[in-house]
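Below is one structure; the comments refer to it alone.
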Amino acid sequence: MRILKVLVTGGAGYIGSHTARQLAAEGYEVVIYDNLSRGHREAVSGFNFVRGDVRDKDRLRRVIKEEGISAVLHFAANSQVGESVENPELYYENNVAGGLSLLSVVLETGIKYFIFSSSAAVYGEPQYVPIDEEHTLNPTNPYGETKVILERALAAYDKAYNLKSVSLRYFNACGAHMGEDIGEDHEPETHLIPLVLKTALGQREQLIVFGKDYPTKDGTAVRDYIHVDDLARAHVISLKYLLDGGETTCFNLGNGNGFSVLDVIKAAEKVTGRKVPYKFGNRRPGDPAILVASAEKIKRELGWEPEITSLERIIQSAWEWHRKHPTGFAKR
Ligand code: NAD
Ligand code: UFG
C-alpha cells in the first residue's frame with residue numbers, strides 16, 4: 001500500500017497534536033503546519049514540523065508540492081467564543097480568510113480530500129437535544145459563524161471542483177492523551193475542565209460557576225464532554241472514508257451524555273481527592289443551557305463510537321497531564 005502523506009494544519013495545538021499521533025500510528029506520514037500562535041512546538045517533537053501560517057499561500061504551495069501531500073486535516077483556527085465576540089476581525093481574518101486561502105491552495109495543487117474541524121457552535125441555541133446534524137445552523141457568535149462559512153464553502157467546492165470533505169462538529173473536547181505525554185494547554189485557558197483542575201492544584205483560588213438558574217437538574221449548564229483521543233480517532237476514520245470514495249458530509253462528535261458544571265466539579269474532587277472551591281457568578285453571555293450531541297450519524301455510517309465515556313476517566317487523564325505539567329508545555 002502506498003504511504004499517504006497528510007498535512008495537519010494547527011497540528012501543534014491541542015486536538016491536532018493528538019490526532020497527528022493517531023495518524024502516524026495508522027501508517028500515515030504526517031507533516032505538521034502551524035504558526036505556533038497558540039500551539040506548542042513540544043507537542044509535536046519527533047514530527048515533521050513546518051512553522052507557517054495558513055494565510056501564506058506561497059509557503060503552503062511549496063510545502064504541499066515538495067512533501068507530496070495527498071490530504072489535508074485543517075485544525076488551525078482561533079477558537080474562543082468570548083474572544084470572537086470582542087475581536088471578530090481576528091476570527092473572520094484567521095478562520096475564514098485563512099481557511100479560504102488554504103482551500104485555494106488545496107484546489108490549485110489538486111488535493112482531493114479535506115477534513116475540517118467544525119464545532120457544535122454552528123448550531124447556536126438548540127431547539128432540541130440531543131442535537132443531530134439536521135438541526136438548523138444558527139450560530140450565536142462570530143466563532144460559530146466562521147465555522148458555518150467554511151462548511152458552506154466546502155459544500156460548494158465539492159459541487160464545483162469535486163473536493164471531498166468531512167466537517168467534524170466537535171462538542172466539548174477534553175482530556176489528555178492516554179499513552180503519551182501531551183495534553184490541553186491553551187493560553188488563556190477558558191475551558192471548564194482545565195480550570196477546575198488548576199483550581200484543584202491551588203493555582204486558582206476558586207472556580208466561578210457561570211450561572212445557577214439554568215433549566216437543568218441542578219441549575220448549572222450541561223455539556224457533552226468528549227475525550228480528545230476519541231475525537232482523534234474519528235479523524236482517522238473520516239479520512240479513510242474519504243479515501244475509500246466517501247461523499248462530502250458532516251458528523252457530530254460527542255459522547256451523547258450531558259454533564260452539568262457541578263457534575264464536573266464533583267467528579268474532579270473524586271478523581272483528585274482535593275476540594276475544588278467555587279462560587280456562583282453570572283451566566284456567561286452566549287452560553288446555551290444544554291448542548292448534547294446525537295452522534296448516531298457517524299456511528300451508523302462509519303462505525304465510530306466514543307470509547308472513553310466516563311466523566312471520571314476523562315478527568316483522570318486530564319488530571320495526570322495537569323499534575324505532571326502544572327504550567328503546561330512551556331516549563332516542563
Ligand atoms: P488550539 O488553539 O490548541 O490549536 C489550534 C492550532 O492552530 C494552534 O496550534 C495554533 O498555533 C494554530 N493556528 C492558529 N492560526 C493559525 C494560522 N493562521 N496558521 C497556522 N496555524 C495556526 O485549538 P484546539 O482546541 O486544538 O482546536 C482545534 C480546532 O478544533 C479549531 O479549529 C477549533 O475551532 C476546533 N474546535 C475545538 C473545540 C474545543 O473544545 N477545543 C471544540 C470545537 C471545535
Ligand atoms: N464554565 C464555568 N466556569 C468557567 C468556565 C466554564 O462555569 O470558569 C461553564 C460554561 O459556562 C459552560 C461549561 O462550563 O457551561 C463549559 O464551558 P467551556 O468554556 O469549557 O466550553 P463551551 O461549552 O463554552 O465551548 C466549547 C468550545 C467551543 C465549542 C463548544 C461546543 O470551547 O469551541 O464547546 O460545545 F464550540
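Letters for chains follow the order of the C-alpha cells (A, B, ...), residue numbers begin at 1 for each chain, and ligand numbers begin at 1 in the order shown.
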
Exercise for the section: Run DSSP on the backbone and give me the residues of region 149-317 of chain A it puts in strand (DSSP E), as a ChimeraX atom specification. Expected result: /A:164-170,172-174,207-210,222-223,225-227,249-253,259-260,278-281

Practice task
Pick out the residues sitting within 12 Å of Lys198 (chain A), and hand them over as a ChimeraX atom specification; count only C-alpha atoms, and ignore anything fewer than 2 positions along from it in its own chain.
Solution key: /A:184-185,189-196,200-207,265,268-269,272,274-277,318-328

Practice task
Can you work out which one of A:Tyr170, A:Phe329, A:Tyr33, A:Tyr113 has the shortest atom-to-atom distance to Arg61 (chain A), counting only C-alpha atoms?
Solution key: A:Tyr33

Handout entry: Distance query region 97-109 of chain A at most 7 Å, only C-alpha atoms, self and fewer than 4 positions along chain excluded, as a VMD selection string
Key = chain A and resid 54 to 55 57 61 92 to 93 150

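Atom 20 (O, counted along the ligand's line) of ligand 2 lies 11.3 Å from CA of Arg284 (chain A).
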
Problem - Near-ligand residues for ligand 2, threshold 7 Å, only C-alpha atoms and all ligand atoms, as a VMD selection string - result: chain A and resid 79 to 81 119 to 121 144 170 to 173 190 to 193 195 207 to 211 221 to 224 261 283 to 284 287 291

Put those residues in a file: C-alpha atoms, as a PDB file, in the first residue's frame.
ATOM      1  CA  SER A  79     -11.394  29.024  18.888  1.00  0.00           C
ATOM      2  CA  GLN A  80     -12.609  31.070  21.816  1.00  0.00           C
ATOM      3  CA  VAL A  81     -16.209  32.136  21.724  1.00  0.00           C
ATOM      4  CA  SER A 119     -17.848  22.892  16.110  1.00  0.00           C
ATOM      5  CA  ALA A 120     -21.105  22.466  17.972  1.00  0.00           C
ATOM      6  CA  ALA A 121     -21.067  26.268  17.933  1.00  0.00           C
ATOM      7  CA  GLY A 144     -19.603  29.723  15.163  1.00  0.00           C
ATOM      8  CA  TYR A 170     -16.897  18.630  17.960  1.00  0.00           C
ATOM      9  CA  PHE A 171     -18.775  19.183  21.183  1.00  0.00           C
ATOM     10  CA  ASN A 172     -16.624  19.819  24.292  1.00  0.00           C
ATOM     11  CA  ALA A 173     -13.154  18.414  23.674  1.00  0.00           C
ATOM     12  CA  THR A 190     -11.190  29.312  29.302  1.00  0.00           C
ATOM     13  CA  HIS A 191     -12.385  25.686  29.262  1.00  0.00           C
ATOM     14  CA  LEU A 192     -14.082  24.228  32.296  1.00  0.00           C
ATOM     15  CA  ILE A 193     -12.132  21.011  32.973  1.00  0.00           C
ATOM     16  CA  LEU A 195      -9.831  25.437  35.045  1.00  0.00           C
ATOM     17  CA  LEU A 207     -13.756  28.486  40.172  1.00  0.00           C
ATOM     18  CA  ILE A 208     -16.576  30.744  39.098  1.00  0.00           C
ATOM     19  CA  VAL A 209     -19.607  28.705  38.046  1.00  0.00           C
ATOM     20  CA  PHE A 210     -21.273  30.737  35.329  1.00  0.00           C
ATOM     21  CA  GLY A 211     -24.979  30.704  36.202  1.00  0.00           C
ATOM     22  CA  ALA A 221     -25.190  24.424  32.306  1.00  0.00           C
ATOM     23  CA  VAL A 222     -24.949  20.982  30.755  1.00  0.00           C
ATOM     24  CA  ARG A 223     -22.351  19.991  28.143  1.00  0.00           C
ATOM     25  CA  ASP A 224     -21.257  16.928  26.219  1.00  0.00           C
ATOM     26  CA  VAL A 261     -20.825  22.159  35.735  1.00  0.00           C
ATOM     27  CA  ARG A 283     -24.230  33.422  33.258  1.00  0.00           C
ATOM     28  CA  ARG A 284     -21.563  33.825  30.579  1.00  0.00           C
ATOM     29  CA  ASP A 287     -23.807  30.172  26.740  1.00  0.00           C
ATOM     30  CA  LEU A 291     -25.550  21.196  24.490  1.00  0.00           C
TER      31      LEU A 291
END

Practice task
Show which residues sit within 8 Å of Asn95 (chain A), as a list in words. Count only C-alpha atoms, and ignore same-chain residues fewer than 6 positions away.
Solution key: Ala76, Ala77, Asn78, Thr146 and Lys147 of chain A

Include N, CA and C atoms and write out the residues we just selected as a short mmCIF file (atom, residue, chain, number, x, y, z; two decimals), in the first residue's frame.
data_model
loop_
_atom_site.label_atom_id
_atom_site.label_comp_id
_atom_site.auth_asym_id
_atom_site.auth_seq_id
_atom_site.Cartn_x
_atom_site.Cartn_y
_atom_site.Cartn_z
N ALA A 76 -6.20 24.44 12.19
CA ALA A 76 -5.70 25.78 12.52
C ALA A 76 -6.83 26.80 12.55
N ALA A 77 -7.00 27.43 13.69
CA ALA A 77 -8.05 28.44 13.83
C ALA A 77 -7.93 29.06 15.20
N ASN A 78 -8.60 30.18 15.37
CA ASN A 78 -8.81 30.70 16.72
C ASN A 78 -10.14 30.13 17.19
N THR A 146 -17.91 31.59 11.67
CA THR A 146 -16.76 31.29 10.81
C THR A 146 -16.76 29.81 10.43
N LYS A 147 -17.24 28.96 11.34
CA LYS A 147 -17.27 27.51 11.05
C LYS A 147 -18.36 27.22 10.00
#

Exercise for the section: Tell me, in Å to one decimal, how far CA of Leu197 (chain A) is from CA of Gln316 (chain A). Expected result: 10.0 Å

DSSP alpha helix (DSSP H) residues within region 51-229 of chain A, listed as a compact mmCIF listing (two decimals) with N, CA and C atoms, in the first residue's frame:
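Wrote out19.txt, looks like this:
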# COMPACT_ATOMS: atom_id res chain seq x y z
N LYS A 57 0.11 31.71 1.23
CA LYS A 57 -0.16 30.77 0.14
C LYS A 57 1.13 30.22 -0.48
N ASP A 58 2.13 31.09 -0.62
CA ASP A 58 3.37 30.64 -1.27
C ASP A 58 4.02 29.51 -0.47
N ARG A 59 4.07 29.74 0.82
CA ARG A 59 4.69 28.75 1.71
C ARG A 59 3.94 27.42 1.65
N LEU A 60 2.61 27.54 1.74
CA LEU A 60 1.76 26.34 1.72
C LEU A 60 1.93 25.56 0.42
N ARG A 61 1.89 26.31 -0.68
CA ARG A 61 2.02 25.69 -2.01
C ARG A 61 3.32 24.90 -2.09
N ARG A 62 4.40 25.55 -1.62
CA ARG A 62 5.72 24.90 -1.66
C ARG A 62 5.73 23.64 -0.81
N VAL A 63 5.20 23.76 0.41
CA VAL A 63 5.22 22.60 1.33
C VAL A 63 4.40 21.45 0.74
N ILE A 64 3.22 21.76 0.24
CA ILE A 64 2.33 20.72 -0.29
C ILE A 64 2.99 20.01 -1.48
N LYS A 65 3.61 20.81 -2.35
CA LYS A 65 4.24 20.19 -3.53
C LYS A 65 5.48 19.41 -3.15
N GLU A 66 6.34 20.03 -2.35
CA GLU A 66 7.61 19.37 -2.01
C GLU A 66 7.38 18.09 -1.21
N GLU A 67 6.40 18.13 -0.33
CA GLU A 67 6.16 16.96 0.53
C GLU A 67 5.28 15.91 -0.16
N VAL A 81 -14.94 31.46 22.01
CA VAL A 81 -16.21 32.14 21.72
C VAL A 81 -16.17 33.60 22.19
N GLY A 82 -15.76 33.81 23.44
CA GLY A 82 -15.77 35.17 24.01
C GLY A 82 -14.86 36.10 23.24
N GLU A 83 -13.66 35.60 22.90
CA GLU A 83 -12.71 36.42 22.14
C GLU A 83 -13.30 36.79 20.77
N SER A 84 -14.08 35.87 20.20
CA SER A 84 -14.64 36.14 18.87
C SER A 84 -15.69 37.25 18.91
N VAL A 85 -16.32 37.40 20.07
CA VAL A 85 -17.31 38.48 20.21
C VAL A 85 -16.57 39.82 20.38
N GLU A 86 -15.49 39.79 21.13
CA GLU A 86 -14.73 41.03 21.38
C GLU A 86 -13.88 41.43 20.18
N PRO A 88 -14.00 40.21 16.54
CA PRO A 88 -14.45 39.38 15.40
C PRO A 88 -13.51 39.43 14.21
N GLU A 89 -12.79 40.54 14.07
CA GLU A 89 -11.89 40.65 12.92
C GLU A 89 -10.87 39.51 12.91
N LEU A 90 -10.33 39.22 14.11
CA LEU A 90 -9.36 38.13 14.22
C LEU A 90 -9.96 36.83 13.70
N TYR A 91 -11.22 36.60 14.02
CA TYR A 91 -11.88 35.35 13.66
C TYR A 91 -12.21 35.27 12.18
N GLY A 98 -8.24 32.81 6.32
CA GLY A 98 -7.17 31.79 6.38
C GLY A 98 -7.65 30.46 5.81
N GLY A 99 -8.84 30.06 6.19
CA GLY A 99 -9.39 28.79 5.70
C GLY A 99 -9.58 28.82 4.19
N LEU A 100 -10.10 29.93 3.67
CA LEU A 100 -10.33 30.02 2.22
C LEU A 100 -9.01 30.08 1.46
N SER A 101 -8.04 30.74 2.06
CA SER A 101 -6.72 30.81 1.45
C SER A 101 -6.12 29.40 1.33
N LEU A 102 -6.22 28.64 2.41
CA LEU A 102 -5.76 27.25 2.39
C LEU A 102 -6.50 26.46 1.32
N LEU A 103 -7.83 26.65 1.25
CA LEU A 103 -8.62 25.89 0.27
C LEU A 103 -8.20 26.23 -1.17
N SER A 104 -7.84 27.48 -1.41
CA SER A 104 -7.40 27.84 -2.77
C SER A 104 -6.15 27.04 -3.14
N VAL A 105 -5.23 26.92 -2.18
CA VAL A 105 -4.00 26.18 -2.47
C VAL A 105 -4.32 24.68 -2.62
N VAL A 106 -5.25 24.20 -1.83
CA VAL A 106 -5.68 22.80 -1.92
C VAL A 106 -6.20 22.51 -3.33
N LEU A 107 -7.06 23.40 -3.84
CA LEU A 107 -7.62 23.21 -5.19
C LEU A 107 -6.50 23.27 -6.24
N GLU A 108 -5.69 24.29 -6.08
CA GLU A 108 -4.63 24.53 -7.06
C GLU A 108 -3.64 23.36 -7.15
N PRO A 142 -19.50 35.11 16.49
CA PRO A 142 -18.67 35.11 15.27
C PRO A 142 -17.87 33.82 15.10
N TYR A 143 -17.40 33.22 16.19
CA TYR A 143 -16.65 31.96 16.08
C TYR A 143 -17.48 30.91 15.33
N GLY A 144 -18.73 30.70 15.81
CA GLY A 144 -19.60 29.72 15.16
C GLY A 144 -19.89 30.09 13.71
N GLU A 145 -20.06 31.41 13.44
CA GLU A 145 -20.29 31.88 12.07
C GLU A 145 -19.14 31.46 11.15
N THR A 146 -17.91 31.59 11.67
CA THR A 146 -16.76 31.29 10.81
C THR A 146 -16.76 29.81 10.43
N LYS A 147 -17.24 28.96 11.34
CA LYS A 147 -17.27 27.51 11.05
C LYS A 147 -18.36 27.22 10.00
N VAL A 148 -19.50 27.91 10.12
CA VAL A 148 -20.58 27.70 9.14
C VAL A 148 -20.10 28.14 7.75
N ILE A 149 -19.42 29.27 7.70
CA ILE A 149 -18.97 29.78 6.39
C ILE A 149 -18.04 28.76 5.72
N LEU A 150 -17.10 28.23 6.48
CA LEU A 150 -16.17 27.24 5.89
C LEU A 150 -16.92 25.97 5.46
N GLU A 151 -17.86 25.52 6.30
CA GLU A 151 -18.62 24.31 5.92
C GLU A 151 -19.37 24.57 4.60
N ARG A 152 -19.93 25.78 4.45
CA ARG A 152 -20.70 26.07 3.22
C ARG A 152 -19.77 26.15 2.02
N ALA A 153 -18.60 26.74 2.23
CA ALA A 153 -17.62 26.79 1.13
C ALA A 153 -17.25 25.37 0.72
N LEU A 154 -17.06 24.49 1.71
CA LEU A 154 -16.68 23.11 1.39
C LEU A 154 -17.76 22.40 0.58
N ALA A 155 -19.03 22.65 0.91
CA ALA A 155 -20.12 22.02 0.15
C ALA A 155 -20.09 22.52 -1.30
N ALA A 156 -19.89 23.83 -1.47
CA ALA A 156 -19.86 24.40 -2.82
C ALA A 156 -18.63 23.92 -3.60
N TYR A 157 -17.50 23.78 -2.92
CA TYR A 157 -16.26 23.37 -3.60
C TYR A 157 -16.35 21.91 -4.04
N ASP A 158 -17.14 21.13 -3.33
CA ASP A 158 -17.34 19.75 -3.79
C ASP A 158 -18.12 19.77 -5.10
N LYS A 159 -19.25 20.51 -5.07
CA LYS A 159 -20.10 20.53 -6.29
C LYS A 159 -19.32 21.05 -7.49
N ALA A 160 -18.57 22.14 -7.27
CA ALA A 160 -17.90 22.78 -8.40
C ALA A 160 -16.57 22.13 -8.75
N TYR A 161 -15.81 21.71 -7.74
CA TYR A 161 -14.42 21.26 -8.01
C TYR A 161 -14.14 19.82 -7.57
N LEU A 192 -13.71 24.60 30.93
CA LEU A 192 -14.08 24.23 32.30
C LEU A 192 -13.13 23.22 32.94
N ILE A 193 -12.88 22.09 32.29
CA ILE A 193 -12.13 21.01 32.97
C ILE A 193 -10.72 21.46 33.36
N PRO A 194 -9.94 22.07 32.44
CA PRO A 194 -8.62 22.54 32.89
C PRO A 194 -8.71 23.58 34.02
N LEU A 195 -9.72 24.43 33.98
CA LEU A 195 -9.83 25.44 35.05
C LEU A 195 -10.17 24.79 36.38
N VAL A 196 -11.03 23.78 36.35
CA VAL A 196 -11.35 23.05 37.58
C VAL A 196 -10.08 22.40 38.13
N LEU A 197 -9.27 21.81 37.25
CA LEU A 197 -8.07 21.11 37.71
C LEU A 197 -7.00 22.09 38.19
N LYS A 198 -6.94 23.25 37.56
CA LYS A 198 -5.99 24.27 38.03
C LYS A 198 -6.42 24.77 39.41
N THR A 199 -7.72 24.77 39.65
CA THR A 199 -8.20 25.16 40.98
C THR A 199 -7.83 24.07 41.99
N ALA A 200 -7.98 22.81 41.58
CA ALA A 200 -7.59 21.70 42.48
C ALA A 200 -6.10 21.77 42.79
N VAL A 228 -10.44 13.68 23.89
CA VAL A 228 -9.67 14.10 22.72
C VAL A 228 -9.14 12.89 21.92
N ASP A 229 -8.87 11.77 22.57
CA ASP A 229 -8.43 10.59 21.81
C ASP A 229 -9.58 10.01 20.97

Exercise for the section: Go ahead and compute the interatomic distance for CA of Thr140 (chain A) and CA of Arg300 (chain A), in Å to one decimal. Expected result: 29.3 Å

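Closest approach to Ala20 (chain A) from the set A:Asp56, A:Leu4, A:Tyr123, A:Ala232 is made by A:Ala232, with distances taken over only C-alpha atoms.
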
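Compared by their closest atoms to Val122 (chain A), and using only C-alpha atoms, the residues A:Ala71, A:Leu137, A:Leu262, A:Val6 rank with A:Leu137 nearest.
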